[in-house]
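Okay, structure first, notes after.
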Amino acid sequence: MKIRSIRFKLKTMGASAFLVSIVLLNPAYAAESSWVDLAVHNFGAPINTMWAEGELSFAADGTMVFCSARQDMAVAPGDPKDLYIATFNETTGSWNTPVNMGIPINAAPATDVDPLRLGDDREPWFTADGNTIYFKSDRLATTSPRNNSDLFVTHKVNGTWTVPELIGYPISTDAGDEHCPAILNDGETLCFASRRAGGYGGSDIYCSNQDANGNWMEPINQGPNINTAAEEFHFTQDADGMVYFTSGRPGGYGGMDIWGAMQLAANSWGPARNLGPQVNTAAADMCPSLPPGADAFTWFSSRSDNSLGSIDIFWTKKVNTTSSP
Ligand SMILES: [Ca+2]
Ligand SMILES: [Ca+2]
Ligand SMILES: [Ca+2]
């Protein structure tokens, strides 16, 4: 058998963003579906480690922000999660060593102020222009009233990330444990998860838009095709309008699974479909993300196969998901 190299390139806005070199064993099959197309791929080192990785998000140029529980680069000993930024090296065909975004983007533990302030910064949403990151943090958590997490935003100004600002009420609340922010394809609608009263149970997904003065309006529960009595969180929308999200509803493969639903109108979604057994397993399969280009799908999972330890980030071809309506 001869060795043949297939270069799999994701493109966006005319710019090559993300390149993976893959070796196939038989050139005769190169034009057909191969194991490469069908496989679930581990992102590999240096992104995945023996600690937990997850919650990734991409800018249009392929730069990735994600979170990790790795302790060898944490902003403080015992810090549970920090945000990291990583770029892909097209020369070597692998990711560069990720960079801890540092304080003040990441908060150090402040349990002396309140025992809930563990320094848990996670669930980044990177805007396509690479200049804004929304994320969840416990830096303002309070035991009474119990407020575990809120949403924050930071902007890159002249090459420096600004001190994160709280996205205040009615997005962050004192009782909702807001998390998993996301911007829909329109570039304007902010969606997030919250346990606030009035939902279908547990964590539900809500969306909001700004009024003419730039203030976020009352968030709208995304309805029963998205939200159930189980946990729902982490929207991400593709160019076709399909939104991918995490849910623990019945009918999946066990634990948390990733589901898809097509947008019908503002705040209105078609029936949710499980993405199928390539992506979803009996373990926790969560927090979908879409790299630049149309054909890849990424997420994180506690699946034990092909893992570098704890939770890892994976990708597969989008064709391996069964989300089509
Ligand atoms: Ca790991
Ligand atoms: Ca729910
Ligand atoms: Ca699962």
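Chain labels A, B, ... are given in the sequence in which chains occur in the structure tokens; within each chain residues are numbered consecutively from 1, and ligands are likewise numbered from 1 in the order shown.
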
Neighbours of region 301-310 of chain A within 6 Å (only C-alpha atoms; same-chain residues fewer than 2 positions away dropped), as an NGL selection string? :A and (49-52 or 283-285 or 312)

Would you mind exporting the chosen residues as a CSV table (one decimal), in the first residue's frame, restricted to N, CA and C atoms?
```
chain,number,residue,atom,x,y,z
A,49,THR,N,-5.1,17.7,27.8
A,49,THR,CA,-4.2,17.3,28.8
A,49,THR,C,-4.8,16.3,29.7
A,50,MET,N,-4.1,15.9,30.7
A,50,MET,CA,-4.7,15.0,31.7
A,50,MET,C,-5.8,15.6,32.5
A,51,TRP,N,-5.8,17.0,32.5
A,51,TRP,CA,-6.9,17.7,33.2
A,51,TRP,C,-8.1,17.9,32.2
A,52,ALA,N,-9.1,18.5,32.7
A,52,ALA,CA,-10.4,18.7,31.9
A,52,ALA,C,-10.3,19.9,30.9
A,283,ALA,N,-21.4,8.9,28.1
A,283,ALA,CA,-20.7,9.9,28.9
A,283,ALA,C,-21.3,11.3,28.7
A,284,ALA,N,-20.7,12.3,29.2
A,284,ALA,CA,-21.2,13.7,29.0
A,284,ALA,C,-20.6,14.2,27.7
A,285,ASP,N,-21.5,14.6,26.8
A,285,ASP,CA,-21.1,15.1,25.5
A,285,ASP,C,-21.7,16.5,25.4
A,312,ASP,N,-11.9,15.8,27.3
A,312,ASP,CA,-11.1,16.3,26.2
A,312,ASP,C,-12.0,16.9,25.1
```

Surrounding residues as a count of residues only, ligand 2, max 10 Å, only C-alpha atoms and all ligand atoms: 23

Would you mind listing what lies within 8 Å of Tyr134 (chain A) as a list in words, with only C-alpha atoms counted and same-chain residues fewer than 5 positions away left out?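 Residues meeting the cut-off are Pro124, Trp125, Phe126, Leu151, Phe152, Val153, Thr154, Pro181 and Ala182 of chain A.
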
Nearby residues, ligand 3, 12 Å, only C-alpha atoms and all ligand atoms, as a PyMOL selection string: chain A and resi 246-259+274-287+299-304

Just give me the gap between CA of Ile171 (chain A) and CA of Thr63 (chain A) in Å, one decimal is fine.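 Computed distance, CA of Ile171 (chain A) to CA of Thr63 (chain A), equals 26.9 Å.
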
Can you tell me, as a list in words, what residues are no more than 8 Å from Asp138 (chain A) when counting only C-alpha atoms, ignoring any on the same chain fewer than 6 positions away?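 Using only C-alpha atoms, the neighbours found are Leu116, Arg117, Leu118, Gly119, Asp120, Asp121, Asn148, Ser149 and Asp150 of chain A.
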
Need the shell around Leu190 (chain A): protein/DNA/RNA residues with any atom at most 12 Å away, counting only C-alpha atoms. Skip same-chain ones fewer than 4 positions apart. Format as a ChimeraX atom specification? /A:125,127,134-135,151,153,167,170-172,179-186,205-210,215-220,222,234-237,267

Using DSSP secondary structure from the backbone, list all strand (DSSP E or B) positions within region 58-211 of chain A, as a ChimeraX atom specification. /A:58,64-68,81-86,88-89,94-95,99-100,120-126,132-137,142,147,150-157,160-161,165-166,179-183,190-194,204-208,210

Atoms to include: C-alpha atoms. Write the selected residues as a PDB file, in the first residue's frame.
```pdb
ATOM      1  CA  PHE A  58     -13.503  30.071  17.317  1.00  0.00           C
ATOM      2  CA  MET A  64      -9.593  29.369  19.495  1.00  0.00           C
ATOM      3  CA  VAL A  65     -10.543  30.275  23.036  1.00  0.00           C
ATOM      4  CA  PHE A  66     -11.358  27.411  25.368  1.00  0.00           C
ATOM      5  CA  CYS A  67     -11.199  26.516  29.018  1.00  0.00           C
ATOM      6  CA  SER A  68      -9.040  24.048  30.867  1.00  0.00           C
ATOM      7  CA  LYS A  81     -10.932  26.624  35.293  1.00  0.00           C
ATOM      8  CA  ASP A  82      -9.241  29.329  33.259  1.00  0.00           C
ATOM      9  CA  LEU A  83      -9.705  30.648  29.733  1.00  0.00           C
ATOM     10  CA  TYR A  84      -6.929  29.877  27.241  1.00  0.00           C
ATOM     11  CA  ILE A  85      -6.304  31.169  23.737  1.00  0.00           C
ATOM     12  CA  ALA A  86      -4.652  29.074  21.026  1.00  0.00           C
ATOM     13  CA  PHE A  88      -3.155  26.750  14.785  1.00  0.00           C
ATOM     14  CA  ASN A  89       0.259  26.337  13.213  1.00  0.00           C
ATOM     15  CA  SER A  94      -0.809  21.194  15.003  1.00  0.00           C
ATOM     16  CA  TRP A  95      -1.961  23.654  17.593  1.00  0.00           C
ATOM     17  CA  VAL A  99      -1.741  30.690  26.436  1.00  0.00           C
ATOM     18  CA  ASN A 100      -3.522  31.317  29.731  1.00  0.00           C
ATOM     19  CA  ASP A 120     -14.033  29.389  37.887  1.00  0.00           C
ATOM     20  CA  ASP A 121     -13.884  31.136  34.489  1.00  0.00           C
ATOM     21  CA  ARG A 122     -15.277  29.185  31.580  1.00  0.00           C
ATOM     22  CA  GLU A 123     -17.630  28.882  28.590  1.00  0.00           C
ATOM     23  CA  PRO A 124     -16.097  31.550  26.360  1.00  0.00           C
ATOM     24  CA  TRP A 125     -17.896  32.805  23.264  1.00  0.00           C
ATOM     25  CA  PHE A 126     -15.428  34.307  20.802  1.00  0.00           C
ATOM     26  CA  THR A 132     -14.827  40.185  21.985  1.00  0.00           C
ATOM     27  CA  ILE A 133     -15.131  37.293  24.420  1.00  0.00           C
ATOM     28  CA  TYR A 134     -18.258  36.623  26.453  1.00  0.00           C
ATOM     29  CA  PHE A 135     -17.831  34.148  29.282  1.00  0.00           C
ATOM     30  CA  LYS A 136     -19.083  32.899  32.618  1.00  0.00           C
ATOM     31  CA  SER A 137     -17.317  33.563  35.908  1.00  0.00           C
ATOM     32  CA  THR A 142     -22.361  35.480  46.643  1.00  0.00           C
ATOM     33  CA  ASN A 147     -25.435  33.522  43.103  1.00  0.00           C
ATOM     34  CA  ASP A 150     -22.745  35.620  36.032  1.00  0.00           C
ATOM     35  CA  LEU A 151     -21.886  36.609  32.488  1.00  0.00           C
ATOM     36  CA  PHE A 152     -18.997  38.904  31.617  1.00  0.00           C
ATOM     37  CA  VAL A 153     -17.552  40.453  28.473  1.00  0.00           C
ATOM     38  CA  THR A 154     -14.072  41.618  27.518  1.00  0.00           C
ATOM     39  CA  HIS A 155     -12.947  43.448  24.381  1.00  0.00           C
ATOM     40  CA  LYS A 156      -9.581  43.560  22.683  1.00  0.00           C
ATOM     41  CA  VAL A 157      -8.572  47.217  22.414  1.00  0.00           C
ATOM     42  CA  THR A 160      -5.036  44.327  25.037  1.00  0.00           C
ATOM     43  CA  TRP A 161      -8.056  42.650  26.582  1.00  0.00           C
ATOM     44  CA  GLU A 165     -17.411  43.837  32.668  1.00  0.00           C
ATOM     45  CA  LEU A 166     -20.470  42.256  34.232  1.00  0.00           C
ATOM     46  CA  HIS A 179     -23.690  30.662  31.972  1.00  0.00           C
ATOM     47  CA  CYS A 180     -22.847  29.569  28.414  1.00  0.00           C
ATOM     48  CA  PRO A 181     -23.222  32.868  26.514  1.00  0.00           C
ATOM     49  CA  ALA A 182     -23.491  32.718  22.706  1.00  0.00           C
ATOM     50  CA  ILE A 183     -24.212  35.137  19.877  1.00  0.00           C
ATOM     51  CA  LEU A 190     -27.222  37.099  22.955  1.00  0.00           C
ATOM     52  CA  CYS A 191     -28.306  33.667  24.163  1.00  0.00           C
ATOM     53  CA  PHE A 192     -27.345  32.077  27.462  1.00  0.00           C
ATOM     54  CA  ALA A 193     -28.447  29.527  30.034  1.00  0.00           C
ATOM     55  CA  SER A 194     -30.164  30.415  33.286  1.00  0.00           C
ATOM     56  CA  ASP A 204     -32.984  26.681  30.235  1.00  0.00           C
ATOM     57  CA  ILE A 205     -31.732  28.678  27.255  1.00  0.00           C
ATOM     58  CA  TYR A 206     -32.833  32.305  26.893  1.00  0.00           C
ATOM     59  CA  CYS A 207     -32.095  34.964  24.275  1.00  0.00           C
ATOM     60  CA  SER A 208     -32.098  38.749  24.354  1.00  0.00           C
ATOM     61  CA  GLN A 210     -30.408  45.236  22.769  1.00  0.00           C
TER      62      GLN A 210
END
```

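Proximity of A:Ile47, A:Ala239, A:Ala212, A:Leu56 to Arg70 (chain A), computed with only C-alpha atoms, is greatest for A:Ile47.
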
Have a look at A:Arg196, A:His41, A:Lys317, A:Arg273 and name the one nearest to Ala261 (chain A); count only C-alpha atoms.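 With only C-alpha atoms as the atom set, the closest residue is A:Arg273.
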
Taking only C-alpha atoms into account, name the residue in A:Thr92, A:Asn106, A:Ser268, A:Asn42 that is nearest to Met73 (chain A). A:Asn106

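Remark: for Pro288 (chain A), the closest of the candidate residues A:Thr321, A:Thr91, A:Pro271, A:Thr97 is A:Thr321 (distances computed over only C-alpha atoms).
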
Got a sec: who's within 7 Å of Asn48 (chain A), counting only C-alpha atoms, leaving out chain neighbours fewer than 2 positions off, as JSON, numbers by chain? {"A": [43, 44, 45, 46, 53, 308, 312, 313]}

Could the residues in this selection be written to a file with N, CA and C atoms, as an mmCIF file, in the first residue's frame?
```cif
data_model
loop_
_atom_site.group_PDB
_atom_site.id
_atom_site.type_symbol
_atom_site.label_atom_id
_atom_site.label_comp_id
_atom_site.auth_asym_id
_atom_site.auth_seq_id
_atom_site.Cartn_x
_atom_site.Cartn_y
_atom_site.Cartn_z
ATOM 1 N N PHE A 43 -8.450 16.336 19.722
ATOM 2 C CA PHE A 43 -7.663 17.507 19.339
ATOM 3 C C PHE A 43 -6.176 17.324 19.631
ATOM 4 N N GLY A 44 -5.868 16.424 20.542
ATOM 5 C CA GLY A 44 -4.466 16.128 20.814
ATOM 6 C C GLY A 44 -3.776 17.167 21.677
ATOM 7 N N ALA A 45 -2.540 16.838 22.050
ATOM 8 C CA ALA A 45 -1.690 17.784 22.773
ATOM 9 C C ALA A 45 -1.241 18.874 21.784
ATOM 10 N N PRO A 46 -0.999 20.096 22.207
ATOM 11 C CA PRO A 46 -0.993 20.550 23.601
ATOM 12 C C PRO A 46 -2.330 21.121 24.063
ATOM 13 N N GLU A 53 -10.549 19.593 29.633
ATOM 14 C CA GLU A 53 -10.636 20.674 28.643
ATOM 15 C C GLU A 53 -12.046 20.723 28.077
ATOM 16 N N LEU A 308 -7.030 11.824 26.405
ATOM 17 C CA LEU A 308 -5.754 12.085 27.065
ATOM 18 C C LEU A 308 -5.931 12.193 28.574
ATOM 19 N N ASP A 312 -11.868 15.783 27.317
ATOM 20 C CA ASP A 312 -11.085 16.278 26.187
ATOM 21 C C ASP A 312 -11.985 16.919 25.132
ATOM 22 N N ILE A 313 -11.350 17.660 24.235
ATOM 23 C CA ILE A 313 -12.019 18.277 23.095
ATOM 24 C C ILE A 313 -11.851 17.369 21.878
#
```

In terms of the shortest atom-to-atom distance over only C-alpha atoms and all ligand atoms, which of A:Asn225, A:Asp238, A:Phe314, A:Leu290 is closest to ligand 1?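 Among the listed residues, A:Phe314 lies closest to ligand 1.
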
Please report the interatomic distance between CA of Gln263 (chain A) and CA of Tyr169 (chain A) in Å with one decimal. 26.2 Å

Find the distance between CA of Ile311 (chain A) and CA of Asp61 (chain A) and write it in Å to one decimal. 25.6 Å
